[in-house]
file data-v2.cif (mmCIF, C-alpha atoms and all ligand atoms)
data_work
loop_
_atom_site.label_atom_id
_atom_site.label_comp_id
_atom_site.auth_asym_id
_atom_site.auth_seq_id
_atom_site.Cartn_x
_atom_site.Cartn_y
_atom_site.Cartn_z
CA MET D 838 -66.31 -17.93 -126.71
CA ILE D 839 -68.02 -16.30 -123.75
CA LEU D 840 -70.95 -15.21 -125.86
CA LEU D 841 -71.39 -18.76 -127.10
CA ALA D 842 -71.46 -20.18 -123.59
CA VAL D 843 -74.84 -21.55 -122.62
CA LEU D 844 -76.65 -20.19 -119.60
CA VAL D 845 -77.60 -23.20 -117.53
CA GLY D 846 -80.62 -23.23 -115.26
CA VAL D 847 -83.86 -22.88 -117.20
CA ALA D 848 -86.71 -21.86 -114.92
CA ALA D 849 -89.14 -24.67 -114.28
CA ALA D 850 -91.75 -25.62 -111.71
CA GLN D 851 -89.99 -25.32 -108.38
CA ASP D 852 -91.03 -28.47 -106.58
CA ALA D 853 -87.44 -29.09 -105.61
CA PRO D 854 -84.58 -26.62 -105.41
CA PRO D 855 -82.65 -26.15 -108.66
CA PRO D 856 -78.98 -27.21 -108.56
CA SER D 857 -76.50 -24.64 -107.29
CA SER D 858 -74.18 -22.87 -109.72
CA LEU D 859 -71.18 -24.74 -108.26
CA ALA D 860 -72.96 -28.09 -108.79
CA LEU D 861 -73.65 -27.09 -112.40
CA LEU D 862 -69.96 -26.28 -112.98
CA PHE D 863 -68.86 -29.67 -111.59
CA GLU D 864 -71.57 -31.43 -113.56
CA GLN D 865 -70.20 -30.06 -116.82
CA LEU D 866 -66.86 -31.79 -116.19
CA ARG D 867 -67.91 -35.33 -117.06
CA PRO D 868 -65.28 -36.67 -119.48
CA PRO D 869 -66.40 -38.53 -122.61
CA GLU D 870 -65.60 -42.25 -122.63
CA THR D 871 -63.56 -41.94 -125.85
CA VAL D 872 -60.73 -40.31 -123.87
CA CYS D 873 -57.89 -42.82 -123.41
CA GLY D 874 -54.25 -42.96 -122.43
CA GLU D 875 -52.60 -40.02 -120.66
CA VAL D 876 -54.56 -36.82 -120.13
CA ALA D 877 -53.46 -33.33 -119.09
CA VAL D 878 -55.96 -30.96 -117.51
CA THR D 879 -55.26 -27.26 -117.32
CA ILE D 880 -57.60 -24.51 -116.12
CA ARG D 881 -56.46 -20.93 -116.54
CA THR D 882 -58.23 -18.25 -114.52
CA GLU D 883 -59.31 -14.69 -115.11
CA CYS D 884 -61.09 -13.45 -112.05
CA GLY D 885 -60.13 -9.86 -111.24
CA SER D 886 -60.15 -9.10 -107.53
CA ALA D 887 -61.29 -12.62 -106.58
CA SER D 888 -58.15 -14.18 -108.08
CA THR D 889 -56.89 -16.16 -105.07
CA ALA D 890 -60.27 -17.75 -104.31
CA CYS D 891 -60.76 -18.27 -108.03
CA ASP D 892 -57.46 -20.18 -108.30
CA VAL D 893 -58.62 -22.41 -105.44
CA LEU D 894 -61.92 -23.03 -107.24
CA ALA D 895 -60.08 -23.81 -110.50
CA ALA D 896 -57.88 -26.29 -108.62
CA ARG D 897 -61.00 -28.02 -107.20
CA LEU D 898 -62.60 -28.20 -110.64
CA GLY D 899 -59.36 -29.53 -112.16
CA ALA D 900 -59.03 -32.19 -109.43
CA HIS D 901 -62.65 -33.24 -109.96
CA LEU D 902 -62.10 -33.64 -113.70
CA ALA D 903 -58.85 -35.56 -113.20
CA ASN D 904 -60.54 -37.89 -110.68
CA GLY D 905 -63.41 -38.51 -113.11
CA LEU D 906 -60.88 -39.40 -115.82
CA ARG D 907 -59.08 -41.86 -113.52
CA GLN D 908 -62.35 -43.78 -113.07
CA GLN D 909 -62.32 -44.58 -116.80
CA SER D 910 -60.70 -47.90 -117.61
CA CYS D 911 -58.65 -46.80 -120.62
CA VAL D 912 -57.21 -43.69 -118.95
CA ARG D 913 -53.75 -44.58 -117.60
CA LEU D 914 -52.89 -41.19 -116.12
CA SER D 915 -54.56 -37.84 -115.61
CA ASP D 916 -52.58 -34.85 -114.39
CA VAL D 917 -53.69 -31.36 -113.46
CA VAL D 918 -51.01 -29.18 -115.04
CA PRO D 919 -50.47 -25.63 -113.73
CA SER D 920 -50.98 -23.16 -116.55
CA ARG D 921 -48.05 -21.12 -117.84
CA SER D 922 -48.10 -17.45 -118.72
CA SER D 923 -46.92 -18.28 -122.27
CA TRP D 924 -50.13 -20.26 -122.95
CA HIS D 925 -52.15 -17.34 -124.19
CA ASP D 926 -52.59 -18.39 -127.82
CA ILE D 927 -54.97 -21.07 -129.09
CA GLY D 928 -53.68 -24.60 -128.65
CA ALA D 929 -50.43 -23.64 -126.89
CA ALA D 930 -51.30 -25.68 -123.80
CA ALA D 931 -52.23 -28.67 -125.95
CA ARG D 932 -49.00 -28.48 -127.96
CA TRP D 933 -47.02 -28.34 -124.72
CA ALA D 934 -48.93 -31.38 -123.41
CA THR D 935 -48.39 -33.27 -126.68
CA VAL D 936 -44.65 -32.64 -126.58
CA HIS D 937 -44.65 -33.92 -122.99
CA GLY D 938 -46.31 -37.17 -124.02
CA TYR D 939 -49.98 -36.63 -123.22
CA ASP D 940 -52.62 -38.09 -125.57
CA TRP D 941 -55.40 -35.68 -124.65
CA THR D 942 -55.56 -32.15 -123.16
CA TYR D 943 -58.32 -30.13 -121.57
CA ASP D 944 -57.46 -26.47 -122.10
CA LEU D 945 -60.08 -24.68 -119.97
CA ARG D 946 -60.51 -21.15 -118.76
CA LEU D 947 -62.45 -20.08 -115.67
CA GLU D 948 -63.63 -16.49 -115.81
CA ILE D 949 -65.44 -14.84 -112.93
CA SER D 950 -67.21 -11.52 -113.23
CA GLU D 951 -69.52 -9.77 -110.79
CA ARG D 952 -72.56 -11.66 -112.05
CA ALA D 953 -71.45 -14.87 -113.77
CA ALA D 954 -68.89 -17.66 -113.80
CA VAL D 955 -67.86 -19.01 -117.19
CA LEU D 956 -65.95 -22.27 -117.64
CA ALA D 957 -65.07 -22.90 -121.27
CA GLY D 958 -62.47 -24.42 -123.52
CA PRO D 959 -61.61 -27.28 -125.85
CA LEU D 960 -60.66 -30.91 -125.34
CA TYR D 961 -57.80 -31.71 -127.74
CA GLN D 962 -56.50 -35.06 -128.92
CA ALA D 963 -52.81 -35.34 -129.75
CA GLN D 964 -51.89 -36.65 -133.20
CA ARG D 965 -48.21 -37.14 -132.38
CA ARG D 966 -46.60 -38.02 -129.06
CA GLY D 967 -43.17 -38.06 -127.50
CA TRP D 968 -40.18 -37.13 -129.67
CA ALA D 969 -42.25 -37.03 -132.86
CA ALA D 970 -44.44 -34.40 -131.26
CA ALA D 971 -41.45 -32.12 -130.72
CA PHE D 972 -41.26 -31.75 -134.51
CA ASP D 973 -44.98 -31.85 -135.29
CA PRO D 974 -47.25 -31.44 -132.23
CA GLY D 975 -50.49 -32.02 -134.16
CA ILE D 976 -53.67 -31.53 -132.15
CA LEU D 977 -57.33 -31.99 -132.98
CA GLU D 978 -60.24 -30.35 -131.14
CA ARG D 979 -62.65 -33.13 -130.13
CA ARG D 980 -65.11 -31.45 -127.81
CA ARG D 981 -65.75 -28.18 -126.10
CA VAL D 982 -66.75 -27.44 -122.53
CA SER D 983 -68.93 -24.34 -122.37
CA VAL D 984 -70.95 -23.42 -119.30
CA ARG D 985 -72.04 -20.10 -117.89
CA VAL D 986 -73.71 -19.94 -114.48
CA PRO D 987 -74.90 -17.01 -112.40
CA ILE D 988 -73.00 -16.11 -109.24
CA ASP D 989 -75.24 -17.45 -106.46
CA ALA D 990 -74.89 -17.19 -102.67
CA GLU D 991 -72.54 -20.18 -102.50
CA LEU D 992 -70.18 -18.90 -105.20
CA GLN D 993 -70.37 -15.38 -103.76
CA HIS D 994 -69.41 -16.74 -100.34
CA LEU D 995 -66.58 -18.77 -101.87
CA LEU D 996 -65.15 -16.02 -104.05
CA ALA D 997 -65.71 -12.73 -102.29
CA GLY D 998 -68.01 -12.99 -99.28
CA PRO D 999 -71.44 -11.33 -99.32
CA SER D 1000 -71.84 -7.58 -99.59
CA ILE D 1001 -75.01 -6.74 -97.68
CA VAL D 1002 -77.68 -4.69 -99.45
CA THR D 1003 -77.93 -1.16 -98.06
CA ASN D 1004 -79.71 2.06 -98.91
CA GLU D 1005 -76.59 3.15 -100.81
CA SER D 1006 -76.18 -0.06 -102.78
CA ILE D 1007 -79.75 -0.10 -104.15
CA GLN D 1008 -80.05 0.82 -107.84
CA VAL D 1009 -83.40 1.96 -109.18
CA ASP D 1010 -84.50 2.23 -112.82
CA ARG D 1011 -87.91 3.33 -114.04
CA PHE D 1012 -89.42 2.39 -117.40
CA SER D 1013 -92.48 3.77 -119.11
CA LEU D 1014 -94.68 0.80 -120.08
CA PRO D 1015 -96.69 0.64 -123.34
CA SER D 1016 -100.07 0.55 -121.62
CA ARG D 1017 -101.76 0.48 -118.19
CA GLY D 1018 -104.18 -1.61 -116.14
CA TYR D 1019 -101.82 -4.57 -115.61
CA VAL D 1020 -102.98 -7.48 -113.48
CA ALA D 1021 -100.03 -9.88 -113.64
CA LEU D 1022 -96.47 -9.99 -114.92
CA ALA D 1023 -93.71 -12.54 -115.31
CA VAL D 1024 -90.12 -12.40 -116.55
CA GLY D 1025 -88.33 -15.26 -118.24
CA ASP D 1026 -87.08 -16.81 -121.44
CA VAL D 1027 -90.26 -17.56 -123.38
CA GLY D 1028 -88.91 -16.60 -126.81
CA GLY D 1029 -85.44 -18.10 -127.09
CA THR D 1030 -83.83 -14.64 -127.43
CA PRO D 1031 -80.78 -13.58 -125.37
CA LEU D 1032 -82.80 -10.93 -123.50
CA PRO D 1033 -85.59 -12.30 -121.28
CA GLU D 1034 -89.18 -11.36 -122.09
CA LEU D 1035 -91.26 -9.27 -119.73
CA VAL D 1036 -94.79 -10.65 -120.17
CA LEU D 1037 -97.44 -8.16 -119.07
CA ILE D 1038 -101.02 -9.28 -118.66
CA GLY D 1039 -103.73 -6.63 -118.52
CA GLY D 1040 -107.43 -7.20 -117.91
CA ASN D 1041 -107.94 -7.54 -121.64
CA HIS D 1042 -104.60 -7.94 -123.38
CA VAL D 1043 -101.19 -9.61 -123.23
CA GLN D 1044 -97.88 -7.99 -124.24
CA ALA D 1045 -94.30 -9.23 -124.32
CA VAL D 1046 -91.69 -6.48 -124.16
CA TYR D 1047 -87.95 -6.09 -123.58
CA ALA D 1048 -86.25 -3.81 -121.07
CA HIS D 1049 -83.04 -1.96 -122.05
CA PHE D 1050 -80.90 -0.27 -119.41
CA HIS D 1051 -78.39 1.43 -121.75
CA PRO D 1052 -78.06 4.16 -122.79
CA SER D 1053 -81.21 4.93 -120.79
CA ALA D 1054 -84.06 2.89 -119.35
CA SER D 1055 -86.41 2.04 -122.20
CA ILE D 1056 -88.91 -0.62 -123.22
CA THR D 1057 -89.18 -2.04 -126.73
CA ALA D 1058 -92.19 -3.98 -127.92
CA THR D 1059 -91.41 -5.81 -131.16
CA LEU D 1060 -94.31 -8.27 -130.97
CA ASP D 1061 -97.96 -7.40 -131.56
CA PRO D 1062 -100.01 -7.53 -128.33
CA VAL D 1063 -102.81 -10.10 -128.20
CA SER D 1064 -106.35 -9.31 -127.09
CA LEU D 1065 -107.93 -11.62 -124.54
CA SER D 1066 -111.49 -10.79 -125.57
CA SER D 1067 -111.88 -13.81 -127.88
CA LEU D 1068 -111.03 -16.31 -125.14
CA PRO D 1069 -113.78 -17.96 -123.09
CA ARG D 1070 -114.84 -16.47 -119.76
CA SER D 1071 -112.42 -13.61 -120.18
CA SER D 1072 -114.72 -10.59 -120.03
CA ALA D 1073 -116.15 -8.64 -117.08
CA PRO D 1074 -113.33 -8.70 -114.54
CA PRO D 1075 -114.45 -8.20 -110.92
CA THR D 1076 -113.95 -4.88 -109.13
CA ARG D 1077 -110.30 -5.54 -108.37
CA ALA D 1078 -108.88 -8.12 -110.73
CA ILE D 1079 -106.47 -10.55 -109.11
CA GLY D 1080 -103.92 -12.29 -111.20
CA THR D 1081 -100.89 -14.55 -111.21
CA ALA D 1082 -98.32 -15.20 -113.90
CA VAL D 1083 -95.52 -17.74 -113.74
CA VAL D 1084 -92.90 -18.98 -116.19
CA LEU D 1085 -93.27 -22.73 -116.70
CA GLU D 1086 -91.46 -24.69 -119.41
CA ARG D 1087 -90.58 -21.74 -121.63
CA SER D 1088 -94.05 -20.23 -121.53
CA VAL D 1089 -96.04 -18.08 -119.13
CA THR D 1090 -99.15 -19.46 -117.45
CA ALA D 1091 -101.35 -16.63 -116.24
CA ARG D 1092 -104.81 -15.86 -114.96
CA THR D 1093 -106.35 -12.45 -114.50
CA SER D 1094 -109.56 -12.98 -112.56
CA GLU D 1095 -111.95 -15.48 -111.02
CA LEU D 1096 -114.11 -15.19 -114.15
CA ALA D 1097 -111.29 -15.58 -116.66
CA THR D 1098 -109.80 -18.75 -118.02
CA SER D 1099 -106.10 -19.46 -117.46
CA VAL D 1100 -103.94 -18.65 -120.46
CA ARG D 1101 -100.67 -19.97 -121.79
CA VAL D 1102 -98.44 -17.35 -123.41
CA HIS D 1103 -95.57 -18.35 -125.67
CA ILE D 1104 -93.58 -16.98 -128.59
CA GLU D 1105 -93.08 -18.83 -131.83
CA ASP D 1106 -91.94 -17.47 -135.21
CA ASP D 1107 -91.67 -13.95 -133.74
CA THR D 1108 -95.37 -14.04 -132.88
CA LEU D 1109 -97.00 -13.90 -129.46
CA HIS D 1110 -99.44 -16.78 -128.98
CA VAL D 1111 -102.06 -16.80 -126.26
CA THR D 1112 -104.29 -19.84 -125.76
CA SER D 1113 -106.69 -20.78 -122.99
CA THR D 1114 -105.60 -23.74 -120.90
CA ASN D 1115 -106.62 -25.85 -117.93
CA GLU D 1116 -103.01 -26.83 -117.27
CA PRO D 1117 -101.51 -27.20 -114.78
CA CYS D 1118 -104.02 -26.16 -112.11
CA GLY D 1119 -107.50 -26.97 -113.52
CA VAL D 1120 -110.33 -24.52 -114.19
CA ASP D 1121 -110.72 -23.05 -110.70
CA ARG D 1122 -107.18 -22.41 -109.56
CA TYR D 1123 -104.29 -20.04 -110.24
CA ALA D 1124 -100.71 -21.16 -110.96
CA MET D 1125 -97.74 -20.10 -108.84
CA ALA D 1126 -94.05 -21.05 -108.98
CA ASP D 1127 -94.52 -23.99 -106.60
CA GLY D 1128 -98.12 -25.10 -107.11
CA CYS D 1129 -101.74 -23.96 -107.35
CA ILE D 1130 -103.86 -21.58 -105.28
CA ALA D 1131 -107.63 -20.98 -105.09
CA PRO D 1132 -109.47 -17.67 -104.89
CA VAL D 1133 -111.94 -16.89 -102.11
CA VAL D 1134 -115.25 -16.90 -104.04
CA GLY D 1135 -116.41 -13.37 -104.78
CA ARG D 1136 -113.41 -11.75 -103.05
CA ASP D 1137 -110.12 -10.39 -104.32
CA SER D 1138 -107.92 -12.69 -102.23
CA PHE D 1139 -106.84 -16.33 -102.07
CA THR D 1140 -107.53 -19.13 -99.56
CA PRO D 1141 -104.63 -20.29 -97.33
CA ALA D 1142 -104.44 -23.66 -99.10
CA VAL D 1143 -101.55 -24.12 -101.54
CA VAL D 1144 -101.36 -27.42 -103.44
CA GLY D 1145 -97.89 -28.35 -104.69
CA TRP D 1146 -97.13 -29.76 -108.15
CA ASP D 1147 -97.02 -33.19 -106.55
CA GLY D 1148 -100.72 -32.77 -105.56
CA GLN D 1149 -99.81 -32.65 -101.87
CA PRO D 1150 -100.92 -29.71 -99.72
CA ARG D 1151 -98.08 -27.38 -98.77
CA SER D 1152 -97.76 -26.32 -95.15
CA PRO D 1153 -100.67 -23.87 -95.01
CA ALA D 1154 -100.05 -20.17 -95.43
CA PRO D 1155 -100.69 -18.38 -92.12
CA SER D 1156 -103.91 -16.84 -93.47
CA GLY D 1157 -105.70 -16.10 -96.69
CA PHE D 1158 -103.65 -13.74 -98.82
CA TYR D 1159 -103.71 -10.99 -101.41
CA SER D 1160 -100.32 -11.93 -102.75
CA ARG D 1161 -97.73 -14.60 -102.21
CA ALA D 1162 -94.10 -15.09 -103.19
CA PHE D 1163 -92.15 -18.34 -103.07
CA ALA D 1164 -88.50 -19.14 -103.77
CA TRP D 1165 -85.74 -21.58 -102.99
CA ILE D 1166 -83.04 -19.34 -101.53
CA ARG D 1167 -79.47 -20.56 -101.99
CA GLN D 1168 -77.45 -20.56 -98.79
CA PRO D 1169 -73.70 -19.82 -98.53
CA ASP D 1170 -73.10 -23.53 -97.76
CA GLY D 1171 -74.76 -24.54 -101.04
CA SER D 1172 -78.02 -25.84 -99.56
CA ALA D 1173 -81.35 -24.24 -100.49
CA GLN D 1174 -83.91 -22.83 -98.06
CA ARG D 1175 -87.64 -22.93 -98.85
CA THR D 1176 -88.89 -19.38 -98.34
CA GLU D 1177 -92.43 -18.10 -98.64
CA ALA D 1178 -94.00 -14.69 -98.05
CA VAL D 1179 -97.67 -13.68 -98.02
CA VAL D 1180 -99.57 -10.42 -97.54
CA SER D 1181 -102.95 -10.88 -95.87
CA PRO D 1182 -106.03 -8.79 -96.78
CA ARG D 1183 -105.45 -6.96 -93.46
CA GLY D 1184 -102.04 -5.81 -94.65
CA ARG D 1185 -99.95 -8.21 -92.60
CA LEU D 1186 -96.75 -9.55 -94.16
CA VAL D 1187 -95.56 -12.95 -92.97
CA VAL D 1188 -92.26 -14.39 -94.20
CA ARG D 1189 -91.69 -18.09 -93.52
CA VAL D 1190 -88.08 -19.25 -93.77
CA GLY D 1191 -87.96 -23.01 -93.18
CA ASP D 1192 -90.29 -23.33 -90.18
CA ARG D 1193 -89.67 -19.87 -88.70
CA ASP D 1194 -91.93 -16.84 -89.26
CA ALA D 1195 -91.10 -13.14 -89.36
CA GLY D 1196 -93.83 -10.52 -89.64
CA LEU D 1197 -94.65 -6.90 -90.32
CA THR D 1198 -97.93 -4.97 -90.47
CA ASP D 1199 -99.34 -2.29 -92.73
CA VAL D 1200 -98.10 -3.34 -96.16
CA GLY D 1201 -99.97 -3.29 -99.48
CA ALA D 1202 -100.93 -5.97 -101.97
CA ALA D 1203 -97.77 -5.77 -104.09
CA LEU D 1204 -95.11 -8.29 -103.06
CA ALA D 1205 -91.89 -9.55 -104.61
CA MET D 1206 -89.02 -11.53 -103.09
CA THR D 1207 -85.47 -12.49 -104.02
CA ASP D 1208 -81.98 -12.51 -102.49
CA LEU D 1209 -80.56 -9.31 -104.01
CA ASP D 1210 -77.17 -9.41 -102.27
CA LEU D 1211 -76.64 -13.19 -102.28
CA ASP D 1212 -76.15 -13.52 -98.52
CA GLY D 1213 -78.72 -16.33 -98.18
CA THR D 1214 -81.53 -14.20 -96.72
CA VAL D 1215 -84.32 -12.61 -98.73
CA GLU D 1216 -85.08 -9.05 -99.67
CA LEU D 1217 -88.73 -8.11 -100.27
CA LEU D 1218 -90.34 -5.33 -102.26
CA VAL D 1219 -93.64 -4.12 -100.79
CA SER D 1220 -96.10 -1.26 -101.30
CA ASP D 1221 -98.15 0.78 -98.81
CA ASN D 1222 -101.48 -0.34 -97.40
CA ALA D 1223 -103.10 2.66 -99.13
CA LEU D 1224 -106.40 3.16 -100.93
CA VAL D 1225 -106.47 3.37 -104.73
CA GLY D 1226 -105.57 6.91 -105.81
CA ALA D 1227 -104.13 7.85 -102.41
CA GLY D 1228 -100.53 7.58 -103.58
CA ASP D 1229 -98.02 4.92 -102.54
CA HIS D 1230 -94.45 4.08 -101.54
CA LEU D 1231 -92.19 1.23 -102.51
CA ARG D 1232 -90.02 -0.28 -99.80
CA VAL D 1233 -87.23 -2.84 -99.84
CA LEU D 1234 -87.18 -4.95 -96.69
CA ARG D 1235 -84.46 -7.31 -95.60
CA VAL D 1236 -85.08 -10.41 -93.50
CA ARG D 1237 -82.10 -10.72 -91.18
CA PRO D 1238 -80.76 -14.10 -90.07
CA ASN D 1239 -82.22 -13.50 -86.56
CA ASN D 1240 -85.70 -13.34 -88.16
CA THR D 1241 -86.32 -9.63 -87.83
CA ILE D 1242 -87.36 -7.49 -90.79
CA VAL D 1243 -85.57 -4.22 -91.43
CA GLU D 1244 -86.27 -1.57 -94.05
CA VAL D 1245 -83.24 -0.84 -96.24
CA TRP D 1246 -84.75 1.49 -98.85
CA THR D 1247 -87.91 3.49 -99.40
CA SER D 1248 -88.97 5.45 -102.49
CA ASP D 1249 -90.12 9.04 -102.56
CA ALA D 1250 -93.90 9.39 -102.44
CA LEU D 1251 -95.51 7.97 -105.61
CA THR D 1252 -98.59 9.66 -107.06
CA GLY D 1253 -99.78 6.38 -108.59
CA SER D 1254 -100.70 3.10 -106.88
CA VAL D 1255 -98.79 -0.19 -106.86
CA PHE D 1256 -100.68 -3.52 -106.70
CA LEU D 1257 -98.34 -5.67 -108.71
CA ALA D 1258 -94.76 -6.79 -108.06
CA ALA D 1259 -92.59 -9.74 -109.05
CA ALA D 1260 -89.00 -10.95 -109.00
CA GLY D 1261 -87.29 -11.84 -112.25
CA ASP D 1262 -84.05 -11.59 -114.18
CA ILE D 1263 -85.03 -8.80 -116.56
CA ASP D 1264 -81.55 -8.05 -117.96
CA GLY D 1265 -80.55 -11.69 -118.51
CA ASP D 1266 -77.43 -11.66 -116.33
CA GLY D 1267 -78.59 -14.62 -114.25
CA ARG D 1268 -79.50 -12.63 -111.15
CA GLN D 1269 -83.05 -11.61 -110.24
CA GLU D 1270 -84.25 -8.05 -109.85
CA LEU D 1271 -87.27 -6.82 -107.91
CA LEU D 1272 -89.99 -5.38 -110.16
CA ALA D 1273 -93.15 -3.36 -109.47
CA VAL D 1274 -95.78 -1.69 -111.65
CA GLU D 1275 -97.08 1.76 -110.67
CA GLU D 1276 -100.51 2.55 -112.12
CA PRO D 1277 -100.95 6.30 -112.67
CA THR D 1278 -103.86 8.39 -111.40
CA ASP D 1279 -104.04 10.32 -114.70
CA PRO D 1280 -106.08 8.11 -117.10
CA ASP D 1281 -104.02 9.32 -120.09
CA GLU D 1282 -100.67 8.20 -118.68
CA PRO D 1283 -99.08 4.77 -119.09
CA ALA D 1284 -97.98 2.65 -116.13
CA THR D 1285 -94.40 2.75 -114.84
CA LEU D 1286 -92.19 -0.31 -114.29
CA TRP D 1287 -89.82 0.00 -111.33
CA VAL D 1288 -86.72 -2.20 -111.41
CA ILE D 1289 -84.72 -2.46 -108.20
CA ARG D 1290 -81.28 -4.12 -108.00
CA CA O 1301 -80.18 -10.93 -99.03
CA CA O 1302 -80.63 -9.65 -113.64
#
call {"tool": "encode", "arguments": {"input": "data-v2.cif", "output": "structure tokens"}}
result
Amino acid sequence: MILLAVLVGVAAAQDAPPPSSLALLFEQLRPPETVCGEVAVTIRTECGSASTACDVLAARLGAHLANGLRQQSCVRLSDVVPSRSSWHDIGAAARWATVHGYDWTYDLRLEISERAAVLAGPLYQAQRRGWAAAFDPGILERRRVSVRVPIDAELQHLLAGPSIVTNESIQVDRFSLPSRGYVALAVGDVGGTPLPELVLIGGNHVQAVYAHFHPSASITATLDPVSLSSLPRSSAPPTRAIGTAVVLERSVTARTSELATSVRVHIEDDTLHVTSTNEPCGVDRYAMADGCIAPVVGRDSFTPAVVGWDGQPRSPAPSGFYSRAFAWIRQPDGSAQRTEAVVSPRGRLVVRVGDRDAGLTDVGAALAMTDLDLDGTVELLVSDNALVGAGDHLRVLRVRPNNTIVEVWTSDALTGSVFLAAAGDIDGDGRQELLAVEEPTDPDEPATLWVIR
């Protein structure tokens, strides 16, 4: 049943914050209008160490469903019934409810793990009631609730409280990539498979690969890569290609240089398709998660102007930038905070949370941002402000609520260079990881993907 549950929350253009996981759970509890008479609602829980808070959450969900039922004209009564330990087999709760005179029963189960909340179970209709039911408690499954949502900052706060990211809590995996010379990357569901695709865009080719963490970190590439050489304006990248890639509507929109056309990457019939496109930013701009950006002509950076999907200018970035990250960061109270980070060509990092700025100097062009520990403040992955071939470091920075930036983790010295980073859910568990690509100095070696959780 858990495997069949749908993961709600498809990535889309982020003009407005996506709904919180809690809101998605409540939203799934809209009763169908065919439900009539007397209804029993039961929600069993399986939540490990978070059991007390989980029971409270189940009670809130049950009350919400019962209230929704009471709004319906042909529902005479809706009760939230505490679950009994004997209700472990299929339909037991519904048979109990039928014997006790209910016409319909929700028999739901709330399961909380470290990364996801799953609410699932059938809606039964009774075929006998009252005394007749005691002899033949016939029940018929009419509908099934099935929702799986990631644990976000609000659920984390509700169930267990945040556990702050520290040097000791950071997990690092390294993957050998199929090729090198990558300019942009994006992670998301562009193929309809359970595991998200990692779409890698090089100066002259596009690949979609899958990352496996067990038994050891490995990349599989089951789809043929696609060359970009046949597309218009795609040759002769400038000295340092600049690129963006973003998942929009189940495809990746990417651009690799000022001279290249934008491309749309999607998967259909187990084949990678790459087509040139002017959507959604026109011929001269690059797509980001929240809008479009323009390159500085002849340079390897972008202008401060960011135009949102609604066509309106965003509050300007503090300066032109090499790289930019944007996200709606869920807060423990369920609201979402607009958060933006840029790295200027002078190596200055500025993080804007709401209307407050935090800053740090001497960082490199690679930049990724997400809330790793679900406490409502962002973690950033940055590289060194080093020359190509001079080696590099990766660092995880944490923006504290008082608007200071602290370093929580730094890698050993890398021999390669890192220009490219992104945040994305690469293992499909609903929570984002921080990703970076290290380009090797040895021209015979492939690039390395760093995944930090
Ligand atoms: Ca955080
Ligand atoms: Ca993940």
call {"tool": "residues_around", "arguments": {"input": "data-v2.cif", "residues": "Gly1018 (chain D)", "least_positions_apart": "3", "cutoff": "10 Å", "atoms": "only C-alpha atoms", "output": "list in words"}}
result
Ala1021, Leu1037, Ile1038, Gly1039, Gly1040, Asn1041, His1042, Ala1078, Val1274, Glu1275, Glu1276, Pro1277, Pro1280, Pro1283 and Ala1284 of chain D
call {"tool": "atom_distance", "arguments": {"input": "data-v2.cif", "atom1": "CA of Arg1161 (chain D)", "atom2": "CA of Gly1191 (chain D)"}}
result
15.7 Å
call {"tool": "residues_around", "arguments": {"input": "data-v2.cif", "residues": "Ala890 (chain D)", "least_positions_apart": "3", "cutoff": "7 Å", "atoms": "all atoms listed in the file", "output": "PyMOL selection string"}}
result
chain D and resi 887+893-894+995-996
call {"tool": "closest_atom_pairs", "arguments": {"input": "data-v2.cif", "of": "chain D", "to": "ligand CA 1302 (chain O)", "cutoff": "8 Å", "atoms": "only C-alpha atoms and all ligand atoms", "output": "tab-separated table"}}
result
residue	atom	partner	partner_atom	distance
D:Gly1261	CA	O:CA1302	CA	7.1
D:Asp1262	CA	O:CA1302	CA	4.0
D:Ile1263	CA	O:CA1302	CA	5.3
D:Asp1264	CA	O:CA1302	CA	4.7
D:Gly1265	CA	O:CA1302	CA	5.3
D:Asp1266	CA	O:CA1302	CA	4.6
D:Gly1267	CA	O:CA1302	CA	5.4
D:Arg1268	CA	O:CA1302	CA	4.0
D:Gln1269	CA	O:CA1302	CA	4.6
D:Glu1270	CA	O:CA1302	CA	5.5
D:Arg1290	CA	O:CA1302	CA	7.9
call {"tool": "closest_residue", "arguments": {"input": "data-v2.cif", "among": "D:Asp1170, D:Glu1095, D:Asp1199, D:Asp926", "to": "Asp989 (chain D)", "atoms": "only C-alpha atoms"}}
result
D:Asp1170
call {"tool": "closest_residue", "arguments": {"input": "data-v2.cif", "among": "D:Thr1003, D:Thr1108, D:Ser1099, D:Thr1198", "to": "ligand CA 1301 (chain O)", "atoms": "only C-alpha atoms and all ligand atoms"}}
result
D:Thr1003
call {"tool": "atom_distance", "arguments": {"input": "data-v2.cif", "atom1": "CA of Glu1244 (chain D)", "atom2": "CA of Ala1142 (chain D)"}}
result
29.0 Å
